[in-house]
file protein15.pdb (PDB, C-alpha atoms)
ATOM      1  CA  MET L 185       0.000   0.000   0.000
ATOM      2  CA  ARG L 186       1.350   3.412  -0.959
ATOM      3  CA  ILE L 187       1.865   5.972   1.871
ATOM      4  CA  ASP L 188       0.510   9.445   1.163
ATOM      5  CA  LEU L 189       2.992  11.833   2.892
ATOM      6  CA  THR L 190       0.805  14.857   2.285
ATOM      7  CA  ARG L 191      -2.260  13.414   3.942
ATOM      8  CA  ARG L 192      -3.058  14.724   7.421
ATOM      9  CA  ARG L 193      -4.634  12.527  10.032
ATOM     10  CA  ARG L 194      -6.262  13.895  13.145
ATOM     11  CA  GLY L 195      -4.025  13.659  16.228
ATOM     12  CA  SER L 196      -0.933  12.624  14.256
ATOM     13  CA  VAL L 197       2.345  14.345  13.393
ATOM     14  CA  SER L 198       3.490  14.277   9.805
ATOM     15  CA  LEU L 199       6.742  12.615   8.862
ATOM     16  CA  GLU L 200       7.988  15.886   7.347
ATOM     17  CA  ALA L 201       7.555  17.696  10.666
ATOM     18  CA  ILE L 202       9.531  15.037  12.540
ATOM     19  CA  MET L 203      12.348  15.179   9.989
ATOM     20  CA  ALA L 204      12.445  18.988  10.051
ATOM     21  CA  MET L 205      12.682  19.333  13.851
ATOM     22  CA  PRO L 206      16.440  18.547  14.212
ATOM     23  CA  PHE L 207      17.266  20.961  11.406
ATOM     24  CA  ALA L 208      15.055  23.664  12.938
ATOM     25  CA  LEU L 209      16.710  23.193  16.356
ATOM     26  CA  VAL L 210      20.186  23.517  14.848
ATOM     27  CA  VAL L 211      19.153  26.715  13.053
ATOM     28  CA  ILE L 212      17.602  28.179  16.231
ATOM     29  CA  LEU L 213      20.668  27.360  18.355
ATOM     30  CA  ALA L 214      23.073  28.684  15.725
ATOM     31  CA  THR L 215      21.026  31.874  15.438
ATOM     32  CA  ARG L 216      21.182  32.366  19.199
ATOM     33  CA  TYR L 217      24.941  31.740  19.122
ATOM     34  CA  ILE L 218      25.413  34.456  16.502
ATOM     35  CA  ALA L 219      23.052  36.823  18.306
ATOM     36  CA  GLU L 220      24.877  36.360  21.631
ATOM     37  CA  GLY L 221      28.169  37.082  19.896
ATOM     38  CA  MET L 222      26.782  40.353  18.536
ATOM     39  CA  LEU L 223      25.290  41.325  21.911
ATOM     40  CA  THR L 224      28.544  40.551  23.731
ATOM     41  CA  ARG L 225      30.455  42.706  21.258
ATOM     42  CA  GLN L 226      28.027  45.568  21.887
ATOM     43  CA  GLU L 227      28.193  45.193  25.674
ATOM     44  CA  VAL L 228      32.003  45.136  25.621
ATOM     45  CA  ALA L 229      32.005  48.327  23.526
ATOM     46  CA  VAL L 230      29.663  50.103  25.965
ATOM     47  CA  TYR L 231      31.660  48.947  28.994
ATOM     48  CA  THR L 232      34.949  50.054  27.383
ATOM     49  CA  ARG L 233      33.572  53.513  26.566
ATOM     50  CA  SER L 234      32.132  53.956  30.055
ATOM     51  CA  SER L 235      35.397  52.888  31.699
ATOM     52  CA  THR L 236      37.489  55.199  29.521
ATOM     53  CA  ILE L 237      35.214  58.164  30.192
ATOM     54  CA  SER L 238      35.402  57.551  33.951
ATOM     55  CA  VAL L 239      39.218  57.759  33.749
ATOM     56  CA  ALA L 240      39.142  60.958  31.689
ATOM     57  CA  ALA L 241      36.824  62.581  34.250
ATOM     58  CA  ALA L 242      38.753  61.358  37.317
ATOM     59  CA  THR L 243      41.734  62.978  38.946
ATOM     60  CA  GLY L 244      43.110  59.782  40.467
ATOM     61  CA  PRO L 245      45.374  57.072  39.018
ATOM     62  CA  VAL L 246      44.419  55.642  35.638
ATOM     63  CA  SER L 247      44.448  52.025  36.754
ATOM     64  CA  GLY L 248      42.169  52.648  39.727
ATOM     65  CA  SER L 249      39.544  54.535  37.738
ATOM     66  CA  CYS L 250      39.230  52.240  34.714
ATOM     67  CA  SER L 251      35.864  50.703  35.516
ATOM     68  CA  ALA L 252      32.330  51.571  34.525
ATOM     69  CA  ASP L 253      29.610  52.487  36.991
ATOM     70  CA  ARG L 254      27.354  49.787  35.576
ATOM     71  CA  THR L 255      27.028  46.002  35.345
ATOM     72  CA  ALA L 256      29.710  44.766  32.990
ATOM     73  CA  ILE L 257      27.658  42.017  31.318
ATOM     74  CA  ALA L 258      24.159  40.869  32.203
ATOM     75  CA  SER L 259      24.044  37.250  33.394
ATOM     76  CA  LYS L 260      22.122  34.884  31.131
ATOM     77  CA  SER L 261      21.088  31.286  31.532
ATOM     78  CA  GLY L 262      23.296  28.813  29.686
ATOM     79  CA  ILE L 263      26.028  31.339  28.875
ATOM     80  CA  SER L 264      29.312  32.134  30.647
ATOM     81  CA  GLN L 265      30.501  35.701  30.015
ATOM     82  CA  SER L 266      33.297  37.951  31.202
ATOM     83  CA  VAL L 267      34.618  41.415  30.394
ATOM     84  CA  ASN L 268      37.483  43.622  31.547
ATOM     85  CA  ALA L 269      38.929  46.965  30.506
ATOM     86  CA  SER L 270      42.330  48.584  30.855
ATOM     87  CA  CYS L 271      43.167  52.255  30.381
ATOM     88  CA  ALA L 272      46.352  54.216  29.724
ATOM     89  CA  ARG L 273      47.405  57.757  28.946
ATOM     90  CA  TYR L 274      47.957  58.364  25.260
ATOM     91  CA  ARG L 275      49.856  61.267  23.743
ATOM     92  CA  ALA L 276      47.133  63.127  21.878
ATOM     93  CA  GLU L 277      49.280  64.689  19.160
ATOM     94  CA  LYS L 278      51.432  61.633  18.535
ATOM     95  CA  GLY L 279      51.799  60.834  14.870
ATOM     96  CA  LEU L 280      50.701  64.201  13.482
ATOM     97  CA  SER L 281      52.086  64.707   9.995
ATOM     98  CA  ARG L 282      49.814  67.085   8.076
ATOM     99  CA  GLU L 283      48.933  69.293  11.045
ATOM    100  CA  LYS L 284      51.153  71.046  13.576
ATOM    101  CA  PRO L 285      50.821  70.387  17.308
ATOM    102  CA  PHE L 286      48.359  72.813  18.902
ATOM    103  CA  PHE L 287      50.776  75.076  20.777
ATOM    104  CA  ARG L 288      53.298  75.163  17.920
ATOM    105  CA  ALA L 289      50.529  76.327  15.597
ATOM    106  CA  LEU L 290      49.453  78.844  18.244
ATOM    107  CA  LYS L 291      52.984  80.255  18.402
ATOM    108  CA  ASP L 292      53.147  80.606  14.642
ATOM    109  CA  GLY L 293      49.842  82.441  14.602
ATOM    110  CA  ALA L 294      50.864  84.778  17.434
ATOM    111  CA  LYS L 295      54.330  85.786  16.225
ATOM    112  CA  ALA L 296      53.364  89.450  16.464
ATOM    113  CA  TRP L 297      52.517  89.042  20.186
ATOM    114  CA  PRO L 298      54.742  86.210  21.470
ATOM    115  CA  ARG L 299      54.035  87.058  25.122
ATOM    116  CA  ILE L 300      50.425  85.921  24.730
ATOM    117  CA  VAL L 301      51.494  82.338  24.105
ATOM    118  CA  ARG L 302      54.305  82.547  26.660
ATOM    119  CA  ASP L 303      51.817  82.920  29.504
ATOM    120  CA  VAL L 304      49.372  80.237  28.449
ATOM    121  CA  GLU L 305      51.497  77.504  26.885
ATOM    122  CA  ILE L 306      51.314  74.124  28.602
ATOM    123  CA  LYS L 307      54.750  72.528  28.704
ATOM    124  CA  ARG L 308      53.653  68.911  29.122
ATOM    125  CA  PRO L 309      52.193  66.992  26.156
ATOM    126  CA  ILE L 310      48.429  67.097  25.715
ATOM    127  CA  GLN L 311      47.022  63.751  26.845
ATOM    128  CA  ASP L 312      44.172  61.499  25.760
ATOM    129  CA  VAL L 313      42.936  58.398  27.539
ATOM    130  CA  LYS L 314      42.890  55.144  25.589
ATOM    131  CA  GLY L 315      40.712  52.291  26.826
ATOM    132  CA  SER L 316      40.985  48.688  25.667
ATOM    133  CA  GLY L 317      38.244  46.192  26.493
ATOM    134  CA  THR L 318      38.098  42.422  26.073
ATOM    135  CA  GLY L 319      35.019  40.263  26.524
ATOM    136  CA  THR L 320      34.293  36.565  26.031
ATOM    137  CA  PHE L 321      31.282  34.298  26.018
ATOM    138  CA  VAL L 322      30.877  30.507  25.992
ATOM    139  CA  MET L 323      27.679  28.557  25.463
ATOM    140  CA  ASP L 324      27.280  26.015  28.277
ATOM    141  CA  LYS L 325      25.135  23.784  26.091
ATOM    142  CA  PRO L 326      24.601  22.062  23.679
ATOM    143  CA  ASP L 327      27.891  20.235  23.273
ATOM    144  CA  PHE L 328      28.500  21.136  19.625
ATOM    145  CA  LEU L 329      28.388  24.859  20.504
ATOM    146  CA  THR L 330      30.371  24.453  23.733
ATOM    147  CA  ALA L 331      33.072  22.752  21.669
ATOM    148  CA  GLN L 332      33.522  25.988  19.703
ATOM    149  CA  GLY L 333      35.244  27.467  22.764
ATOM    150  CA  ALA L 334      35.228  31.034  23.985
ATOM    151  CA  VAL L 335      34.390  33.763  21.508
ATOM    152  CA  THR L 336      36.453  36.910  22.156
ATOM    153  CA  SER L 337      35.487  40.481  21.350
ATOM    154  CA  LYS L 338      37.977  43.358  21.595
ATOM    155  CA  GLN L 339      37.082  47.046  21.634
ATOM    156  CA  ALA L 340      39.060  50.285  21.940
ATOM    157  CA  PHE L 341      37.979  53.839  22.733
ATOM    158  CA  LEU L 342      39.920  57.114  22.769
ATOM    159  CA  ILE L 343      38.792  60.279  24.551
ATOM    160  CA  PRO L 344      40.511  63.584  25.395
ATOM    161  CA  GLU L 345      41.567  64.113  28.973
ATOM    162  CA  MET L 346      39.050  66.428  30.639
ATOM    163  CA  THR L 347      41.406  69.301  31.451
ATOM    164  CA  PHE L 348      39.783  72.727  31.647
ATOM    165  CA  TRP L 349      41.762  75.842  30.779
ATOM    166  CA  ASP L 350      40.309  78.348  33.203
ATOM    167  CA  HIS L 351      40.978  81.978  32.296
ATOM    168  CA  GLY L 352      40.463  82.944  35.919
ATOM    169  CA  LYS L 353      43.535  81.004  37.052
ATOM    170  CA  LYS L 354      47.247  81.259  36.403
ATOM    171  CA  PRO L 355      48.889  81.122  33.946
ATOM    172  CA  PHE L 356      45.853  81.644  31.705
ATOM    173  CA  LYS L 357      44.676  84.696  33.621
ATOM    174  CA  ALA L 358      47.592  86.833  32.398
ATOM    175  CA  GLY L 359      47.439  85.665  28.806
ATOM    176  CA  HIS L 360      43.696  86.139  28.563
ATOM    177  CA  ASP L 361      43.646  89.827  29.370
ATOM    178  CA  LYS L 362      46.717  91.605  30.694
ATOM    179  CA  VAL L 363      49.165  90.742  27.923
ATOM    180  CA  ILE L 364      46.648  91.514  25.189
ATOM    181  CA  TRP L 365      45.889  94.910  26.722
ATOM    182  CA  GLN L 366      49.584  95.726  27.010
ATOM    183  CA  ALA L 367      50.118  94.916  23.337
ATOM    184  CA  LEU L 368      47.155  97.034  22.268
ATOM    185  CA  ARG L 369      48.410 100.029  24.252
ATOM    186  CA  GLN L 370      51.787  99.997  22.510
ATOM    187  CA  HIS L 371      50.261 101.148  19.227
ATOM    188  CA  GLY L 372      47.218 103.037  20.397
ATOM    189  CA  THR L 373      44.983 100.239  19.163
ATOM    190  CA  TYR L 374      43.306 100.051  22.566
ATOM    191  CA  GLN L 375      41.177 103.053  21.563
ATOM    192  CA  LEU L 376      39.186 100.719  19.310
ATOM    193  CA  PHE L 377      38.242  98.586  22.348
ATOM    194  CA  PRO L 378      37.054 100.974  25.071
ATOM    195  CA  LYS L 379      36.381  99.155  28.335
ATOM    196  CA  VAL L 380      36.403  95.741  26.627
ATOM    197  CA  PHE L 381      39.318  94.301  28.587
ATOM    198  CA  PRO L 382      39.235  94.272  32.399
ATOM    199  CA  SER L 383      42.783  95.643  32.505
ATOM    200  CA  TRP L 384      41.771  98.922  30.861
ATOM    201  CA  ASN L 385      41.544 100.742  34.195
ATOM    202  CA  LYS L 386      44.716  99.303  35.748
TER     203      LYS L 386
END

call {"tool": "encode", "arguments": {"input": "protein15.pdb", "output": "structure tokens"}}
result
Amino acid sequence: MRIDLTRRRRGSVSLEAIMAMPFALVVILATRYIAEGMLTRQEVAVYTRSSTISVAAATGPVSGSCSADRTAIASKSGISQSVNASCARYRAEKGLSREKPFFRALKDGAKAWPRIVRDVEIKRPIQDVKGSGTGTFVMDKPDFLTAQGAVTSKQAFLIPEMTFWDHGKKPFKAGHDKVIWQALRQHGTYQLFPKVFPSWNK
């Protein structure tokens, strides 16, 4: 007797459905594996950025501040995850070729009034903070995904050091007002700026 594979019987499961289930399970598990890899990569990137920003905003040692004020990676059933970040100072103008370093360019632009730059130039190199993050995840089951081993994601983030140049403090206080006013007075140019600079009445 010939078996009709397309015929449906009440309360029964078709042969096609039984044969398709293993394939469907493999596809679902592989899709979750790929999705978890993408999510881990995203979480490592967020954690690295947060850690680097916390260092740039802190005044303490770099190593002690390189951690984010948030949960590193959310715990999930059936998955083992880990993440860590390390931070270091990075010379901001390192490798410049087409552009001049900031204060060198400032000196060239202020050749007529060299004292302006003299009072505000920072002698130490301008610093950035570079953060490097590494995260891994391993599927605890099934065996064929566990056998793939740990999947590693690496991220890096660079941010300027949060140093504020306050014109109310030395040495910027002199360069912001006093030196400019002195230079203007040498040629009578100050008459074009009545009462603009605070030093006008000193």

call {"tool": "closest_residue", "arguments": {"input": "protein15.pdb", "among": "L:Gln339, L:Thr318, L:Thr236, L:Gln375", "to": "Arg273 in chain L", "atoms": "all atoms listed in the file"}}
result
L:Thr236

call {"tool": "residues_around", "arguments": {"input": "protein15.pdb", "residues": "range 312-316 of chain L", "least_positions_apart": "2", "cutoff": "7 Å", "atoms": "all atoms listed in the file", "output": "PDB file with C-alpha atoms, in the frame of the given file"}}
result
ATOM      1  CA  THR L 232      34.949  50.054  27.383  1.00  0.00           C
ATOM      2  CA  THR L 236      37.489  55.199  29.521  1.00  0.00           C
ATOM      3  CA  ALA L 240      39.142  60.958  31.689  1.00  0.00           C
ATOM      4  CA  ALA L 269      38.929  46.965  30.506  1.00  0.00           C
ATOM      5  CA  SER L 270      42.330  48.584  30.855  1.00  0.00           C
ATOM      6  CA  CYS L 271      43.167  52.255  30.381  1.00  0.00           C
ATOM      7  CA  ALA L 272      46.352  54.216  29.724  1.00  0.00           C
ATOM      8  CA  ARG L 273      47.405  57.757  28.946  1.00  0.00           C
ATOM      9  CA  TYR L 274      47.957  58.364  25.260  1.00  0.00           C
ATOM     10  CA  ARG L 275      49.856  61.267  23.743  1.00  0.00           C
ATOM     11  CA  ALA L 276      47.133  63.127  21.878  1.00  0.00           C
ATOM     12  CA  THR L 318      38.098  42.422  26.073  1.00  0.00           C
ATOM     13  CA  GLN L 339      37.082  47.046  21.634  1.00  0.00           C
ATOM     14  CA  ALA L 340      39.060  50.285  21.940  1.00  0.00           C
ATOM     15  CA  PHE L 341      37.979  53.839  22.733  1.00  0.00           C
ATOM     16  CA  LEU L 342      39.920  57.114  22.769  1.00  0.00           C
ATOM     17  CA  ILE L 343      38.792  60.279  24.551  1.00  0.00           C
ATOM     18  CA  PRO L 344      40.511  63.584  25.395  1.00  0.00           C
ATOM     19  CA  GLU L 345      41.567  64.113  28.973  1.00  0.00           C
TER      20      GLU L 345
END

call {"tool": "closest_residue", "arguments": {"input": "protein15.pdb", "among": "L:Ala219, L:Ile364, L:Met323, L:Ile257", "to": "Val301 in chain L", "atoms": "all atoms listed in the file"}}
result
L:Ile364

call {"tool": "atom_distance", "arguments": {"input": "protein15.pdb", "atom1": "CA of Lys295 in chain L", "atom2": "CA of Ile310 in chain L"}}
result
21.8 Å

call {"tool": "closest_residue", "arguments": {"input": "protein15.pdb", "among": "L:Ala256, L:Ala229, L:Val304, L:Val239", "to": "Ser337 in chain L", "atoms": "only C-alpha atoms"}}
result
L:Ala229

call {"tool": "closest_residue", "arguments": {"input": "protein15.pdb", "among": "L:Gly317, L:Pro298, L:Gly333, L:Pro309", "to": "Tyr231 in chain L", "atoms": "only C-alpha atoms"}}
result
L:Gly317

call {"tool": "atom_distance", "arguments": {"input": "protein15.pdb", "atom1": "CA of Ala331 in chain L", "atom2": "CA of Ser266 in chain L"}}
result
17.9 Å

call {"tool": "closest_residue", "arguments": {"input": "protein15.pdb", "among": "L:Arg308, L:Ala367, L:Ala294, L:Pro326", "to": "Ile212 in chain L", "atoms": "all atoms listed in the file"}}
result
L:Pro326

call {"tool": "atom_distance", "arguments": {"input": "protein15.pdb", "atom1": "CA of Thr330 in chain L", "atom2": "CA of Thr215 in chain L"}}
result
14.5 Å

call {"tool": "resolve_selection", "arguments": {"input": "protein15.pdb", "expression": "the PyMOL selection byres ((chain L and resi 325) around 12)", "output": "list in words"}}
result
Leu213, Ala214, Arg216, Tyr217, Ser261, Gly262, Ile263, Ser264, Val322, Met323, Asp324, Pro326, Asp327, Phe328, Leu329, Thr330, Ala331, Gln332 and Gly333 of chain L

call {"tool": "closest_residue", "arguments": {"input": "protein15.pdb", "among": "L:Ala258, L:Ile306, L:Ala334, L:Leu368", "to": "Gly221 in chain L", "atoms": "all atoms listed in the file"}}
result
L:Ala334

call {"tool": "resolve_selection", "arguments": {"input": "protein15.pdb", "expression": "the PyMOL selection byres ((chain L and resi 336) around 6)", "output": "list in words"}}
result
Gly319, Thr320, Val335 and Ser337 of chain L

call {"tool": "build_atoms", "arguments": {"input": "protein15.pdb", "residues": "range 366-377 of chain L", "atoms": "N, CA and C atoms", "output": "tab-separated table (two decimals), in the frame of the given file"}}
result
chain	number	residue	atom	x	y	z
L	366	GLN	N	48.27	95.08	27.11
L	366	GLN	CA	49.58	95.73	27.01
L	366	GLN	C	50.00	95.88	25.55
L	367	ALA	N	49.75	94.85	24.75
L	367	ALA	CA	50.12	94.92	23.34
L	367	ALA	C	49.29	95.96	22.60
L	368	LEU	N	48.01	96.04	22.92
L	368	LEU	CA	47.16	97.03	22.27
L	368	LEU	C	47.58	98.45	22.60
L	369	ARG	N	48.04	98.68	23.82
L	369	ARG	CA	48.41	100.03	24.25
L	369	ARG	C	49.68	100.51	23.57
L	370	GLN	N	50.52	99.59	23.13
L	370	GLN	CA	51.79	100.00	22.51
L	370	GLN	C	51.58	100.77	21.21
L	371	HIS	N	50.49	100.52	20.54
L	371	HIS	CA	50.26	101.15	19.23
L	371	HIS	C	48.98	101.99	19.20
L	372	GLY	N	48.42	102.23	20.35
L	372	GLY	CA	47.22	103.04	20.40
L	372	GLY	C	45.97	102.30	19.93
L	373	THR	N	46.13	101.02	19.66
L	373	THR	CA	44.98	100.24	19.16
L	373	THR	C	43.91	100.09	20.22
L	374	TYR	N	44.28	100.24	21.48
L	374	TYR	CA	43.31	100.05	22.57
L	374	TYR	C	42.12	100.99	22.43
L	375	GLN	N	42.28	102.11	21.71
L	375	GLN	CA	41.18	103.05	21.56
L	375	GLN	C	39.99	102.45	20.79
L	376	LEU	N	40.26	101.39	20.04
L	376	LEU	CA	39.19	100.72	19.31
L	376	LEU	C	38.37	99.80	20.22
L	377	PHE	N	38.90	99.53	21.44
L	377	PHE	CA	38.24	98.59	22.35
L	377	PHE	C	38.02	99.24	23.71
